[in-house]
>>> print(open('query_18.txt').read())   # compact mmCIF, C-alpha atoms
# COMPACT_ATOMS: atom_id res chain seq x y z
CA MET A 1430 0.00 0.00 0.00
CA SER A 1431 1.30 3.45 -0.78
CA ASP A 1432 0.64 6.65 1.10
CA ASP A 1433 -1.12 9.59 -0.49
CA ALA A 1434 1.52 11.71 -2.22
CA GLY A 1435 0.90 14.55 0.20
CA GLN A 1436 1.46 12.32 3.21
CA ARG A 1437 4.59 10.43 2.20
CA PRO A 1438 7.50 11.14 4.56
CA VAL A 1439 10.12 13.43 3.09
CA ARG A 1440 13.04 12.75 5.44
CA GLU A 1441 15.03 9.67 6.36
CA PRO A 1442 13.82 8.00 9.58
CA ARG A 1443 16.03 7.87 12.65
CA PRO A 1444 17.70 4.42 12.62
CA ARG A 1445 17.15 3.74 16.32
CA TRP A 1446 13.40 4.35 16.27
CA THR A 1447 13.07 2.68 12.89
CA PHE A 1448 14.09 -0.68 14.30
CA VAL A 1449 12.11 -0.18 17.50
CA VAL A 1450 8.92 0.44 15.50
CA TRP A 1451 9.69 -2.45 13.15
CA SER A 1452 10.44 -4.79 16.07
CA ILE A 1453 7.09 -4.10 17.71
CA GLY A 1454 5.31 -4.59 14.40
CA LEU A 1455 7.25 -7.80 13.76
CA ALA A 1456 6.46 -9.11 17.25
CA THR A 1457 2.77 -8.45 16.63
CA TYR A 1458 2.87 -10.37 13.35
CA LEU A 1459 4.81 -13.18 15.03
CA LEU A 1460 2.10 -13.42 17.69
CA ALA A 1461 -0.59 -13.53 14.99
CA VAL A 1462 1.20 -16.46 13.32
CA PHE A 1463 1.40 -18.15 16.71
CA HIS A 1464 -2.35 -17.81 17.24
CA ARG A 1465 -3.01 -18.96 13.68
CA SER A 1466 -0.89 -22.09 14.21
CA SER A 1467 -1.77 -22.87 17.84
CA LEU A 1468 -4.42 -25.42 16.91
CA ALA A 1469 -1.88 -27.54 15.00
CA VAL A 1470 -0.67 -29.27 18.18
CA ALA A 1471 -4.05 -29.07 19.94
CA GLY A 1472 -6.11 -30.84 17.30
CA LEU A 1473 -6.39 -34.16 19.11
CA ALA A 1474 -7.11 -32.39 22.42
CA ALA A 1475 -9.80 -30.30 20.71
CA THR A 1476 -11.59 -33.40 19.40
CA ASP A 1477 -11.78 -34.75 22.95
CA ARG A 1478 -12.69 -31.41 24.57
CA PHE A 1479 -15.56 -30.63 22.19
CA GLY A 1480 -16.50 -34.19 21.24
CA ILE A 1481 -16.13 -33.55 17.51
CA SER A 1482 -15.19 -35.52 14.41
CA ALA A 1483 -12.23 -34.94 12.08
CA ALA A 1484 -14.46 -33.07 9.65
CA GLN A 1485 -15.67 -30.78 12.42
CA LEU A 1486 -12.09 -30.25 13.61
CA SER A 1487 -11.07 -29.19 10.12
CA THR A 1488 -13.92 -26.68 10.18
CA PHE A 1489 -11.95 -24.64 12.74
CA VAL A 1490 -9.10 -24.05 10.31
CA MET A 1491 -11.44 -23.87 7.31
CA LEU A 1492 -13.36 -20.95 8.79
CA GLN A 1493 -10.18 -19.26 10.02
CA LEU A 1494 -8.56 -19.49 6.57
CA LEU A 1495 -11.74 -18.38 4.83
CA VAL A 1496 -12.02 -15.28 7.00
CA TYR A 1497 -8.34 -14.48 6.47
CA ALA A 1498 -8.54 -14.86 2.70
CA VAL A 1499 -11.77 -12.91 2.27
CA MET A 1500 -10.45 -10.00 4.33
CA GLN A 1501 -7.20 -9.43 2.42
CA VAL A 1502 -8.52 -6.77 0.04
CA PRO A 1503 -10.70 -4.99 2.66
CA VAL A 1504 -7.73 -4.85 5.05
CA GLY A 1505 -5.65 -3.11 2.43
CA LEU A 1506 -8.37 -0.52 1.98
CA LEU A 1507 -8.65 -0.05 5.75
CA ILE A 1508 -4.93 0.61 5.99
CA ASP A 1509 -5.09 3.24 3.27
CA ARG A 1510 -8.02 4.85 5.09
CA PHE A 1511 -6.95 4.71 8.76
CA GLY A 1512 -3.21 3.99 8.75
CA PRO A 1513 -1.33 0.81 9.75
CA ARG A 1514 -0.96 1.56 13.48
CA ARG A 1515 -4.69 1.76 14.15
CA VAL A 1516 -5.50 -1.31 12.07
CA LEU A 1517 -2.65 -3.27 13.67
CA LEU A 1518 -3.86 -2.29 17.15
CA ALA A 1519 -7.39 -3.39 16.28
CA GLY A 1520 -6.07 -6.73 15.03
CA THR A 1521 -4.07 -7.30 18.22
CA LEU A 1522 -7.07 -6.62 20.47
CA VAL A 1523 -9.28 -8.88 18.37
CA LEU A 1524 -6.71 -11.70 18.76
CA VAL A 1525 -6.62 -11.22 22.54
CA ALA A 1526 -10.40 -11.42 22.79
CA ALA A 1527 -10.70 -14.34 20.35
CA GLN A 1528 -8.08 -16.54 22.02
CA SER A 1529 -9.51 -15.77 25.46
CA ALA A 1530 -12.94 -16.84 24.22
CA PHE A 1531 -11.43 -19.99 22.73
CA ALA A 1532 -9.86 -20.83 26.10
CA PHE A 1533 -13.25 -20.81 27.84
CA ALA A 1534 -15.38 -22.19 25.00
CA ASP A 1535 -17.22 -25.31 26.12
CA SER A 1536 -19.09 -26.11 22.92
CA PHE A 1537 -18.20 -26.59 19.27
CA VAL A 1538 -20.26 -23.58 18.14
CA LEU A 1539 -18.62 -21.16 20.60
CA ALA A 1540 -15.16 -22.46 19.78
CA LEU A 1541 -15.87 -22.11 16.06
CA LEU A 1542 -16.95 -18.50 16.53
CA ALA A 1543 -13.78 -17.76 18.50
CA ARG A 1544 -11.55 -19.21 15.76
CA ALA A 1545 -13.36 -17.10 13.17
CA PHE A 1546 -12.30 -13.98 15.06
CA VAL A 1547 -8.76 -15.35 15.29
CA GLY A 1548 -8.87 -15.23 11.49
CA VAL A 1549 -10.07 -11.62 11.62
CA GLY A 1550 -7.28 -10.52 13.93
CA ASP A 1551 -4.69 -12.45 11.92
CA ALA A 1552 -5.80 -10.79 8.70
CA LEU A 1553 -5.26 -7.34 10.22
CA THR A 1554 -1.54 -7.79 10.91
CA PHE A 1555 0.83 -8.72 8.06
CA ILE A 1556 -0.09 -6.04 5.52
CA CYS A 1557 0.09 -3.43 8.31
CA VAL A 1558 3.66 -4.41 9.15
CA LEU A 1559 4.64 -4.25 5.48
CA ARG A 1560 3.15 -0.74 5.34
CA LEU A 1561 5.27 0.29 8.33
CA VAL A 1562 8.34 -1.09 6.56
CA SER A 1563 7.61 0.98 3.46
CA SER A 1564 7.12 4.14 5.55
CA TRP A 1565 10.10 3.84 7.89
CA PHE A 1566 12.90 2.29 5.84
CA PRO A 1567 14.82 3.87 2.94
CA LEU A 1568 13.70 2.62 -0.48
CA ARG A 1569 16.83 0.55 -1.03
CA GLN A 1570 16.17 -1.45 2.17
CA ILE A 1571 12.45 -2.10 1.69
CA PRO A 1572 12.70 -5.32 -0.41
CA PHE A 1573 15.10 -6.96 2.04
CA MET A 1574 13.15 -5.88 5.13
CA THR A 1575 9.91 -7.11 3.58
CA GLN A 1576 11.39 -10.57 3.05
CA LEU A 1577 12.98 -10.52 6.50
CA THR A 1578 9.65 -9.59 8.10
CA GLY A 1579 7.84 -12.49 6.46
CA THR A 1580 10.65 -14.91 7.31
CA LEU A 1581 11.09 -13.97 10.97
CA GLY A 1582 7.33 -13.83 11.49
CA GLN A 1583 7.20 -17.57 10.91
CA GLY A 1584 8.89 -17.95 14.28
CA GLY A 1585 5.38 -17.74 15.66
CA ALA A 1586 4.69 -21.16 14.21
CA ILE A 1587 7.74 -22.53 16.04
CA ALA A 1588 6.32 -21.17 19.29
CA ALA A 1589 3.05 -22.89 18.43
CA ALA A 1590 4.80 -26.24 17.95
CA VAL A 1591 7.01 -27.12 20.92
CA PRO A 1592 6.12 -24.48 23.59
CA MET A 1593 2.39 -24.81 22.97
CA THR A 1594 2.66 -28.59 23.21
CA TRP A 1595 4.36 -28.14 26.59
CA ALA A 1596 1.81 -25.55 27.77
CA LEU A 1597 -1.16 -27.75 26.90
CA GLY A 1598 0.36 -30.75 28.64
CA THR A 1599 1.50 -28.82 31.74
CA LEU A 1600 -0.99 -25.98 32.21
CA GLY A 1601 -4.08 -27.44 30.60
CA TRP A 1602 -6.32 -26.06 27.87
CA GLU A 1603 -7.70 -22.91 29.52
CA ARG A 1604 -4.52 -21.61 31.12
CA ALA A 1605 -2.42 -22.35 28.03
CA TYR A 1606 -4.67 -20.35 25.74
CA LEU A 1607 -5.16 -17.54 28.27
CA LEU A 1608 -1.40 -17.19 28.64
CA ALA A 1609 -1.06 -16.97 24.86
CA ALA A 1610 -3.83 -14.36 24.67
CA SER A 1611 -2.28 -12.18 27.39
CA LEU A 1612 0.85 -11.59 25.31
CA GLY A 1613 -1.20 -9.42 22.99
CA LEU A 1614 -1.92 -6.92 25.75
CA VAL A 1615 1.80 -6.16 26.10
CA LEU A 1616 2.17 -5.60 22.36
CA ALA A 1617 -0.97 -3.45 22.26
CA LEU A 1618 0.64 -1.15 24.82
CA GLY A 1619 3.74 -0.88 22.63
CA LEU A 1620 1.62 -0.04 19.60
CA VAL A 1621 -0.15 2.75 21.47
CA VAL A 1622 2.94 4.29 23.09
CA VAL A 1623 5.75 3.76 20.59
CA VAL A 1624 4.58 3.00 17.06
CA ARG A 1625 3.93 5.78 14.55
CA ASP A 1626 2.62 5.34 11.02
CA ALA A 1627 5.61 7.28 9.68
CA PRO A 1628 8.62 9.09 11.20
CA SER A 1629 6.96 12.50 10.89
CA VAL A 1630 3.31 11.45 11.30
CA ARG A 1631 1.78 9.54 14.23
CA SER A 1632 -1.43 8.60 12.40
CA LEU A 1633 -2.01 8.69 8.66
CA ARG A 1634 -5.55 9.11 7.38
CA GLY A 1635 -6.52 8.73 3.73
CA GLU A 1636 -9.63 9.53 1.78
CA ALA A 1637 -12.51 7.09 1.66
CA MET A 1638 -12.84 5.08 -1.55
CA SER A 1639 -16.24 4.62 -3.15
CA LEU A 1640 -17.64 1.18 -3.89
CA GLY A 1641 -17.47 1.88 -7.62
CA ALA A 1642 -13.79 2.77 -7.41
CA VAL A 1643 -13.06 -0.43 -5.49
CA ARG A 1644 -14.83 -2.52 -8.11
CA ARG A 1645 -12.95 -0.86 -10.96
CA SER A 1646 -9.60 -1.36 -9.25
CA LEU A 1647 -10.23 -5.05 -8.54
CA GLY A 1648 -11.55 -5.67 -12.05
CA ALA A 1649 -8.55 -4.00 -13.68
CA SER A 1650 -6.14 -5.94 -11.46
CA TRP A 1651 -7.73 -9.31 -12.22
CA SER A 1652 -7.71 -8.59 -15.95
CA GLN A 1653 -3.91 -8.54 -15.90
CA PRO A 1654 -2.42 -11.97 -16.83
CA GLY A 1655 0.39 -11.30 -14.34
CA THR A 1656 -2.11 -10.99 -11.50
CA ARG A 1657 -3.68 -14.31 -12.44
CA LEU A 1658 -0.26 -15.91 -12.77
CA GLY A 1659 0.66 -14.62 -9.31
CA PHE A 1660 -2.62 -15.96 -7.91
CA TRP A 1661 -1.97 -19.48 -9.24
CA MET A 1662 1.65 -19.39 -8.09
CA HIS A 1663 0.43 -18.60 -4.60
CA PHE A 1664 -2.27 -21.27 -4.91
CA SER A 1665 0.15 -24.02 -5.96
CA THR A 1666 3.04 -23.48 -3.57
CA GLN A 1667 1.58 -22.70 -0.16
CA PHE A 1668 -1.20 -25.14 0.70
CA SER A 1669 0.89 -28.20 1.59
CA ALA A 1670 3.05 -26.40 4.17
CA THR A 1671 0.07 -24.42 5.51
CA THR A 1672 -2.05 -27.53 6.01
CA LEU A 1673 0.72 -29.35 7.87
CA SER A 1674 1.57 -26.40 10.11
CA LEU A 1675 -1.99 -25.31 10.89
CA LEU A 1676 -3.77 -28.59 11.63
CA TRP A 1677 -3.00 -31.92 10.02
CA GLY A 1678 0.78 -32.19 10.33
CA TYR A 1679 0.82 -33.31 13.96
CA PRO A 1680 -1.96 -35.95 13.60
CA PHE A 1681 -0.41 -37.17 10.32
CA PHE A 1682 3.02 -37.72 11.84
CA VAL A 1683 1.65 -39.31 15.05
CA ARG A 1684 -1.21 -41.44 13.69
CA GLY A 1685 -0.24 -41.74 10.04
CA GLU A 1686 3.52 -42.29 10.40
CA GLY A 1687 3.79 -43.69 13.92
CA ARG A 1688 5.97 -40.93 15.35
CA THR A 1689 6.05 -39.84 18.99
CA PRO A 1690 4.59 -36.46 19.96
CA ASP A 1691 8.11 -35.10 20.48
CA GLU A 1692 9.19 -36.28 17.03
CA ALA A 1693 6.08 -34.75 15.48
CA GLY A 1694 6.79 -31.45 17.23
CA LEU A 1695 10.37 -31.55 15.97
CA LEU A 1696 9.22 -32.17 12.40
CA LEU A 1697 6.84 -29.20 12.57
CA THR A 1698 9.67 -27.06 13.94
CA VAL A 1699 11.96 -28.11 11.08
CA LEU A 1700 9.15 -27.24 8.67
CA VAL A 1701 9.06 -23.68 9.98
CA LEU A 1702 12.86 -23.41 10.02
CA ALA A 1703 12.89 -24.46 6.36
CA ILE A 1704 10.41 -21.69 5.60
CA MET A 1705 12.58 -19.15 7.40
CA VAL A 1706 15.83 -20.20 5.71
CA ALA A 1707 14.35 -20.50 2.23
CA GLY A 1708 12.80 -17.02 2.26
CA PRO A 1709 15.96 -14.92 1.88
CA VAL A 1710 17.46 -17.40 -0.58
CA LEU A 1711 14.41 -17.25 -2.85
CA GLY A 1712 14.35 -13.47 -2.49
CA TRP A 1713 17.90 -13.31 -3.83
CA LEU A 1714 17.13 -15.73 -6.67
CA VAL A 1715 14.09 -13.74 -7.77
CA GLY A 1716 16.17 -10.57 -7.88
CA ALA A 1717 18.99 -12.25 -9.76
CA TYR A 1718 16.82 -14.18 -12.25
CA PRO A 1719 13.53 -12.25 -12.69
CA TYR A 1720 12.76 -13.94 -16.01
CA GLU A 1721 12.70 -17.37 -14.35
CA ARG A 1722 10.18 -16.78 -11.59
CA SER A 1723 7.55 -19.15 -12.94
CA THR A 1724 10.25 -21.73 -13.65
CA MET A 1725 11.28 -21.55 -9.99
CA VAL A 1726 7.68 -22.14 -8.93
CA LEU A 1727 7.23 -25.08 -11.29
CA THR A 1728 10.48 -26.64 -10.05
CA ILE A 1729 9.61 -26.19 -6.38
CA VAL A 1730 6.10 -27.59 -6.73
CA GLY A 1731 7.45 -30.52 -8.75
CA SER A 1732 9.92 -31.28 -5.95
CA ILE A 1733 7.16 -31.13 -3.32
CA VAL A 1734 5.03 -33.54 -5.36
CA ALA A 1735 7.96 -35.95 -5.75
CA VAL A 1736 8.79 -36.10 -2.03
CA TRP A 1737 5.14 -36.53 -1.02
CA THR A 1738 4.88 -39.38 -3.52
CA VAL A 1739 7.83 -41.15 -1.90
CA VAL A 1740 6.31 -40.79 1.59
CA LEU A 1741 2.80 -41.89 0.61
CA ALA A 1742 4.08 -44.82 -1.47
CA TRP A 1743 6.49 -46.05 1.21
CA PRO A 1744 5.53 -49.51 2.51
CA GLY A 1745 4.66 -48.98 6.17
CA ASN A 1746 5.92 -45.93 8.05
CA ALA A 1747 8.44 -43.78 6.22
CA PRO A 1748 11.85 -43.45 7.93
CA PHE A 1749 12.37 -40.34 10.05
CA GLY A 1750 15.02 -39.09 7.64
CA VAL A 1751 12.56 -39.20 4.75
CA LEU A 1752 10.02 -37.25 6.80
CA LEU A 1753 12.71 -34.66 7.50
CA VAL A 1754 13.25 -34.26 3.75
CA LEU A 1755 9.47 -33.97 3.34
CA VAL A 1756 9.10 -31.07 5.77
CA VAL A 1757 12.16 -29.26 4.39
CA VAL A 1758 11.04 -29.45 0.77
CA THR A 1759 7.41 -28.73 1.64
CA GLY A 1760 8.49 -25.79 3.77
CA ILE A 1761 10.20 -24.15 0.80
CA GLY A 1762 6.76 -23.83 -0.78
CA GLY A 1763 5.77 -21.29 1.89
CA PRO A 1764 8.15 -18.47 0.84
CA ALA A 1765 7.88 -19.59 -2.78
CA SER A 1766 4.29 -18.33 -2.68
CA MET A 1767 5.66 -14.79 -2.28
CA ILE A 1768 7.10 -15.01 -5.79
CA GLY A 1769 3.50 -14.44 -6.89
CA PHE A 1770 3.55 -11.02 -5.19
CA ASP A 1771 6.61 -10.03 -7.19
CA VAL A 1772 4.92 -11.02 -10.44
CA GLY A 1773 1.88 -8.97 -9.45
CA ARG A 1774 4.12 -6.01 -8.60
CA THR A 1775 5.79 -5.98 -12.00
CA SER A 1776 2.52 -6.53 -13.85
CA ASN A 1777 0.41 -3.73 -12.35
CA PRO A 1778 0.78 0.05 -12.05
CA ASP A 1779 1.34 1.49 -8.58
CA GLU A 1780 -2.25 2.65 -8.19
CA ARG A 1781 -3.51 -0.94 -8.51
CA LEU A 1782 -0.75 -2.70 -6.60
CA SER A 1783 -2.79 -2.97 -3.38
CA SER A 1784 -5.77 -4.67 -5.01
CA ALA A 1785 -3.51 -6.99 -7.00
CA THR A 1786 -1.62 -8.02 -3.86
CA GLY A 1787 -4.86 -8.72 -2.04
CA ILE A 1788 -6.13 -10.88 -4.89
CA ILE A 1789 -2.91 -12.88 -5.13
CA ASN A 1790 -2.69 -13.40 -1.37
CA GLN A 1791 -6.00 -15.25 -1.41
CA GLY A 1792 -4.82 -18.05 -3.70
CA GLY A 1793 -2.84 -20.17 -1.26
CA PHE A 1794 -5.35 -19.72 1.53
CA TYR A 1795 -8.28 -20.86 -0.60
CA ALA A 1796 -6.26 -23.92 -1.63
CA SER A 1797 -5.36 -24.61 2.01
CA LEU A 1798 -8.98 -24.24 3.01
CA LEU A 1799 -10.10 -26.81 0.44
CA LEU A 1800 -7.39 -29.24 1.51
CA VAL A 1801 -8.00 -28.90 5.26
CA VAL A 1802 -11.69 -29.63 4.83
CA GLY A 1803 -11.09 -32.43 2.33
CA ILE A 1804 -8.64 -34.20 4.64
CA GLY A 1805 -11.14 -34.13 7.49
CA LEU A 1806 -13.90 -35.56 5.32
CA VAL A 1807 -11.71 -38.35 3.95
CA LEU A 1808 -10.41 -39.28 7.41
CA ASP A 1809 -13.97 -39.64 8.69
CA TRP A 1810 -14.87 -41.68 5.62
CA ARG A 1811 -11.89 -44.06 5.89
CA THR A 1812 -11.80 -44.42 9.70
CA PRO A 1813 -14.09 -47.08 11.20
CA GLY A 1814 -16.33 -45.92 14.02
CA SER A 1815 -15.81 -42.50 15.56
CA GLY A 1816 -13.10 -40.62 17.43
CA THR A 1817 -9.51 -39.91 16.44
CA SER A 1818 -8.24 -43.44 15.78
CA TYR A 1819 -7.14 -42.54 12.27
CA THR A 1820 -5.23 -45.27 10.47
CA PRO A 1821 -2.15 -44.84 8.26
CA GLU A 1822 -4.26 -45.97 5.30
CA ALA A 1823 -6.83 -43.25 6.03
CA PHE A 1824 -4.10 -40.62 6.08
CA ARG A 1825 -2.70 -41.86 2.77
CA TRP A 1826 -6.10 -41.44 1.19
CA ALA A 1827 -6.56 -38.03 2.76
CA MET A 1828 -3.13 -36.61 1.91
CA SER A 1829 -3.52 -37.79 -1.69
CA LEU A 1830 -6.09 -35.01 -2.18
CA GLN A 1831 -3.11 -32.71 -2.67
CA TYR A 1832 -2.56 -34.14 -6.14
CA VAL A 1833 -5.84 -32.62 -7.32
CA LEU A 1834 -4.80 -29.14 -6.20
CA TRP A 1835 -1.28 -29.51 -7.59
CA THR A 1836 -2.65 -30.55 -10.96
CA VAL A 1837 -5.02 -27.57 -11.17
CA GLY A 1838 -2.38 -25.13 -9.97
CA LEU A 1839 0.43 -26.31 -12.24
CA VAL A 1840 -1.81 -26.29 -15.31
CA GLN A 1841 -2.87 -22.71 -14.55
CA VAL A 1842 0.69 -21.52 -13.87
CA TRP A 1843 1.83 -22.99 -17.17
CA ARG A 1844 -1.15 -21.46 -18.91
CA TYR A 1845 -0.77 -17.93 -17.60
CA ARG A 1846 2.99 -17.59 -17.60
CA GLY A 1847 3.02 -17.44 -21.39
CA ARG A 1848 0.20 -14.91 -21.41
CA ALA A 1849 1.86 -12.78 -18.72
CA ARG A 1850 5.20 -12.71 -20.53
CA ALA A 1851 3.56 -11.78 -23.81
CA PHE A 1852 1.44 -9.05 -22.22
CA VAL A 1853 4.28 -7.43 -20.32
CA ALA A 1854 6.60 -7.64 -23.33
CA ARG A 1855 4.05 -5.57 -25.27
CA ALA A 1856 2.91 -3.17 -22.55
CA ARG A 1857 5.97 -2.74 -20.32
CA PRO A 1858 9.14 -3.94 -22.02
CA ASP A 1859 11.24 -2.72 -19.08
CA LEU A 1860 9.70 -5.39 -16.84
CA SER A 1861 9.45 -9.17 -16.90
CA GLY A 1862 6.18 -11.01 -16.59
CA GLY A 1863 7.05 -14.19 -14.74
>>> encode(input="query_18.txt", output="structure tokens")
Amino acid sequence: MSDDAGQRPVREPRPRWTFVVWSIGLATYLLAVFHRSSLAVAGLAATDRFGISAAQLSTFVMLQLLVYAVMQVPVGLLIDRFGPRRVLLAGTLVLVAAQSAFAFADSFVLALLARAFVGVGDALTFICVLRLVSSWFPLRQIPFMTQLTGTLGQGGAIAAAVPMTWALGTLGWERAYLLAASLGLVLALGLVVVVRDAPSVRSLRGEAMSLGAVRRSLGASWSQPGTRLGFWMHFSTQFSATTLSLLWGYPFFVRGEGRTPDEAGLLLTVLVLAIMVAGPVLGWLVGAYPYERSTMVLTIVGSIVAVWTVVLAWPGNAPFGVLLVLVVVTGIGGPASMIGFDVGRTSNPDERLSSATGIINQGGFYASLLLVVGIGLVLDWRTPGSGTSYTPEAFRWAMSLQYVLWTVGLVQVWRYRGRARAFVARARPDLSGG
């Protein structure tokens, strides 16, 4: 999102306060990722607490992802209207309230409502932090700091793997989730006292955009082949890592592959570490080889498909080393989804960049939503009786649903990369399409 020309800061920010503001914003995003991922290690406990099936369990993440995806474009408009600090503060308070409600929820309906608001609060964070980066850092540092923000923010998923497992086992459900919710109050105080929208302006405020203008912007963005290519890149790369980290990774490793809870927690941690390490590397590759962005995506998705095929086809439980390779390769798909943002950036004028980014950012979350729900339905179908006694065979059936999404995504990436390259070559020869 870009500031109104009259509001853009005209002087370099003070380095000390720049990193203080960024650190608070980063910590808020990290906490949002933690809340988003906290159900990954609590899935089996949730089925017992609420007396629900696998399909109902997947509904938690389904609704959370749906809310997050649907809100991407509106959040961008809210930031342009009210500034990132106010929107980020609102998101933090929503997360505190939602996780507190989830701690005390004693029925499936109440818990589902709480997770929906976790999705709302989560959606109000990441784009705000990126806006702070663009306002506080010099132009030459913005690309690196953007990648660094996304990479370090994934540390929240690490905190949701091992520490949350410990908290649930030691403190119990209510106290574990209340402790997690209380962290947001500390960050909210930092947002109020320290954070400014820009070095020279505490609170930015833009003009309201009419409904007609919003429709025209979204329509023009979607008409660009590069926007569609970015959407399908995001769709194809992210869903496997997201599904493992948000919900089904822990049950898959424990029930599907016979691993101990500690081993499953370690695998989920390695998954997040792979995401964090791969981010800067892919950022450098995209800058060095901008004409090969879609080739990178096709190669990465092909590698993810190959490793999953080895694991699912393995007779019996796959060795721990093979599962380590699985989470590393799958984890690379997380930051690979951000390649779609770069394609959207070079395919749209500045005035439509916000709407294009919002559209692209929905792709992977819609794919993850479909997969999370599909896995739950297949597990219920292939598991005799009721409860959480999922068999390895049931998980093989369920995880095979990924091949449907990979096929759709790869076909669309291949289809639109040619169109995007041809369009940009005609309209903007100084840029590459994908």
>>> closest_residue(input="query_18.txt", among="A:Thr1738, A:Thr1578, A:Thr1666, A:Thr1759", to="A:Ser1723", atoms="all atoms listed in the file")
A:Thr1666
>>> closest_residue(input="query_18.txt", among="A:Pro1690, A:Pro1709, A:Gly1805, A:Gly1685", to="A:Trp1743", atoms="all atoms listed in the file")
A:Gly1685
>>> atom_distance(input="query_18.txt", atom1="atom CA of A:Asn1777", atom2="atom CA of A:Arg1645")
13.7 Å
>>> atom_distance(input="query_18.txt", atom1="atom CA of A:Arg1544", atom2="atom CA of A:Gln1576")
27.6 Å
>>> atom_distance(input="query_18.txt", atom1="atom CA of A:Ser1732", atom2="atom CA of A:Phe1660")
19.9 Å
>>> residues_around(input="query_18.txt", residues="A:Thr1786", least_positions_apart="2", cutoff="12 Å", atoms="all atoms listed in the file", output="VMD selection string")
chain A and resid 1430 1498 1501 to 1506 1556 1559 1646 to 1647 1650 to 1651 1655 to 1660 1663 1766 to 1784 1788 to 1792
>>> closest_residue(input="query_18.txt", among="A:Ala1609, A:Val1701, A:Phe1531, A:Val1549", to="A:Gly1579", atoms="only C-alpha atoms")
A:Val1701
>>> closest_residue(input="query_18.txt", among="A:Trp1451, A:Phe1489, A:Phe1566, A:Trp1835", to="A:Trp1677", atoms="all atoms listed in the file")
A:Phe1489
>>> residues_near_point(input="query_18.txt", point="(-6.6, -30.0, -1.6)", cutoff="7 Å", atoms="only C-alpha atoms", output="PyMOL selection string")
chain A and resi 1796-1797+1799-1800+1803+1830-1831+1833-1834
>>> residues_around(input="query_18.txt", residues="A:Val1757", least_positions_apart="2", cutoff="8 Å", atoms="only C-alpha atoms", output="list of chain:residue names")
A:Val1699, A:Leu1700, A:Ala1703, A:Ile1704, A:Leu1753, A:Val1754, A:Leu1755, A:Thr1759, A:Gly1760, A:Ile1761
>>> closest_residue(input="query_18.txt", among="A:Pro1513, A:Arg1844, A:Gln1528, A:Val1643", to="A:Leu1608", atoms="only C-alpha atoms")
A:Gln1528
>>> closest_residue(input="query_18.txt", among="A:Thr1671, A:Thr1580, A:Thr1457, A:Thr1594", to="A:Asp1691", atoms="all atoms listed in the file")
A:Thr1594
>>> residues_around(input="query_18.txt", residues="A:Gln1583", least_positions_apart="2", cutoff="10 Å", atoms="all atoms listed in the file", output="list in words")
Tyr1458, Leu1459, Leu1460, Ala1461, Val1462, Phe1463, Ser1466, Thr1578, Gly1579, Thr1580, Leu1581, Gly1585, Ala1586, Ile1587, Ala1588, Val1701, Leu1702, Ile1704, Met1705 and Gly1763 of chain A
>>> residues_near_point(input="query_18.txt", point="(-3.0, -2.6, 12.4)", cutoff="12 Å", atoms="all atoms listed in the file", output="number ranges by chain")
A: 1453-1455, 1457-1458, 1461, 1504-1524, 1549-1561, 1616-1617, 1620-1621, 1624-1626, 1632-1633
>>> write_last_selection(input="query_18.txt", atoms="C-alpha atoms", output="compact mmCIF listing (two decimals), keeping the file's coordinate frame")
# COMPACT_ATOMS: atom_id res chain seq x y z
CA ILE A 1453 7.09 -4.10 17.71
CA GLY A 1454 5.31 -4.59 14.40
CA LEU A 1455 7.25 -7.80 13.76
CA THR A 1457 2.77 -8.45 16.63
CA TYR A 1458 2.87 -10.37 13.35
CA ALA A 1461 -0.59 -13.53 14.99
CA VAL A 1504 -7.73 -4.85 5.05
CA GLY A 1505 -5.65 -3.11 2.43
CA LEU A 1506 -8.37 -0.52 1.98
CA LEU A 1507 -8.65 -0.05 5.75
CA ILE A 1508 -4.93 0.61 5.99
CA ASP A 1509 -5.09 3.24 3.27
CA ARG A 1510 -8.02 4.85 5.09
CA PHE A 1511 -6.95 4.71 8.76
CA GLY A 1512 -3.21 3.99 8.75
CA PRO A 1513 -1.33 0.81 9.75
CA ARG A 1514 -0.96 1.56 13.48
CA ARG A 1515 -4.69 1.76 14.15
CA VAL A 1516 -5.50 -1.31 12.07
CA LEU A 1517 -2.65 -3.27 13.67
CA LEU A 1518 -3.86 -2.29 17.15
CA ALA A 1519 -7.39 -3.39 16.28
CA GLY A 1520 -6.07 -6.73 15.03
CA THR A 1521 -4.07 -7.30 18.22
CA LEU A 1522 -7.07 -6.62 20.47
CA VAL A 1523 -9.28 -8.88 18.37
CA LEU A 1524 -6.71 -11.70 18.76
CA VAL A 1549 -10.07 -11.62 11.62
CA GLY A 1550 -7.28 -10.52 13.93
CA ASP A 1551 -4.69 -12.45 11.92
CA ALA A 1552 -5.80 -10.79 8.70
CA LEU A 1553 -5.26 -7.34 10.22
CA THR A 1554 -1.54 -7.79 10.91
CA PHE A 1555 0.83 -8.72 8.06
CA ILE A 1556 -0.09 -6.04 5.52
CA CYS A 1557 0.09 -3.43 8.31
CA VAL A 1558 3.66 -4.41 9.15
CA LEU A 1559 4.64 -4.25 5.48
CA ARG A 1560 3.15 -0.74 5.34
CA LEU A 1561 5.27 0.29 8.33
CA LEU A 1616 2.17 -5.60 22.36
CA ALA A 1617 -0.97 -3.45 22.26
CA LEU A 1620 1.62 -0.04 19.60
CA VAL A 1621 -0.15 2.75 21.47
CA VAL A 1624 4.58 3.00 17.06
CA ARG A 1625 3.93 5.78 14.55
CA ASP A 1626 2.62 5.34 11.02
CA SER A 1632 -1.43 8.60 12.40
CA LEU A 1633 -2.01 8.69 8.66
>>> residues_around(input="query_18.txt", residues="A:Val1740", least_positions_apart="2", cutoff="12 Å", atoms="all atoms listed in the file", output="PyMOL selection string")
chain A and resi 1681-1682+1685-1686+1733-1738+1742-1756+1821+1824-1825+1828-1829
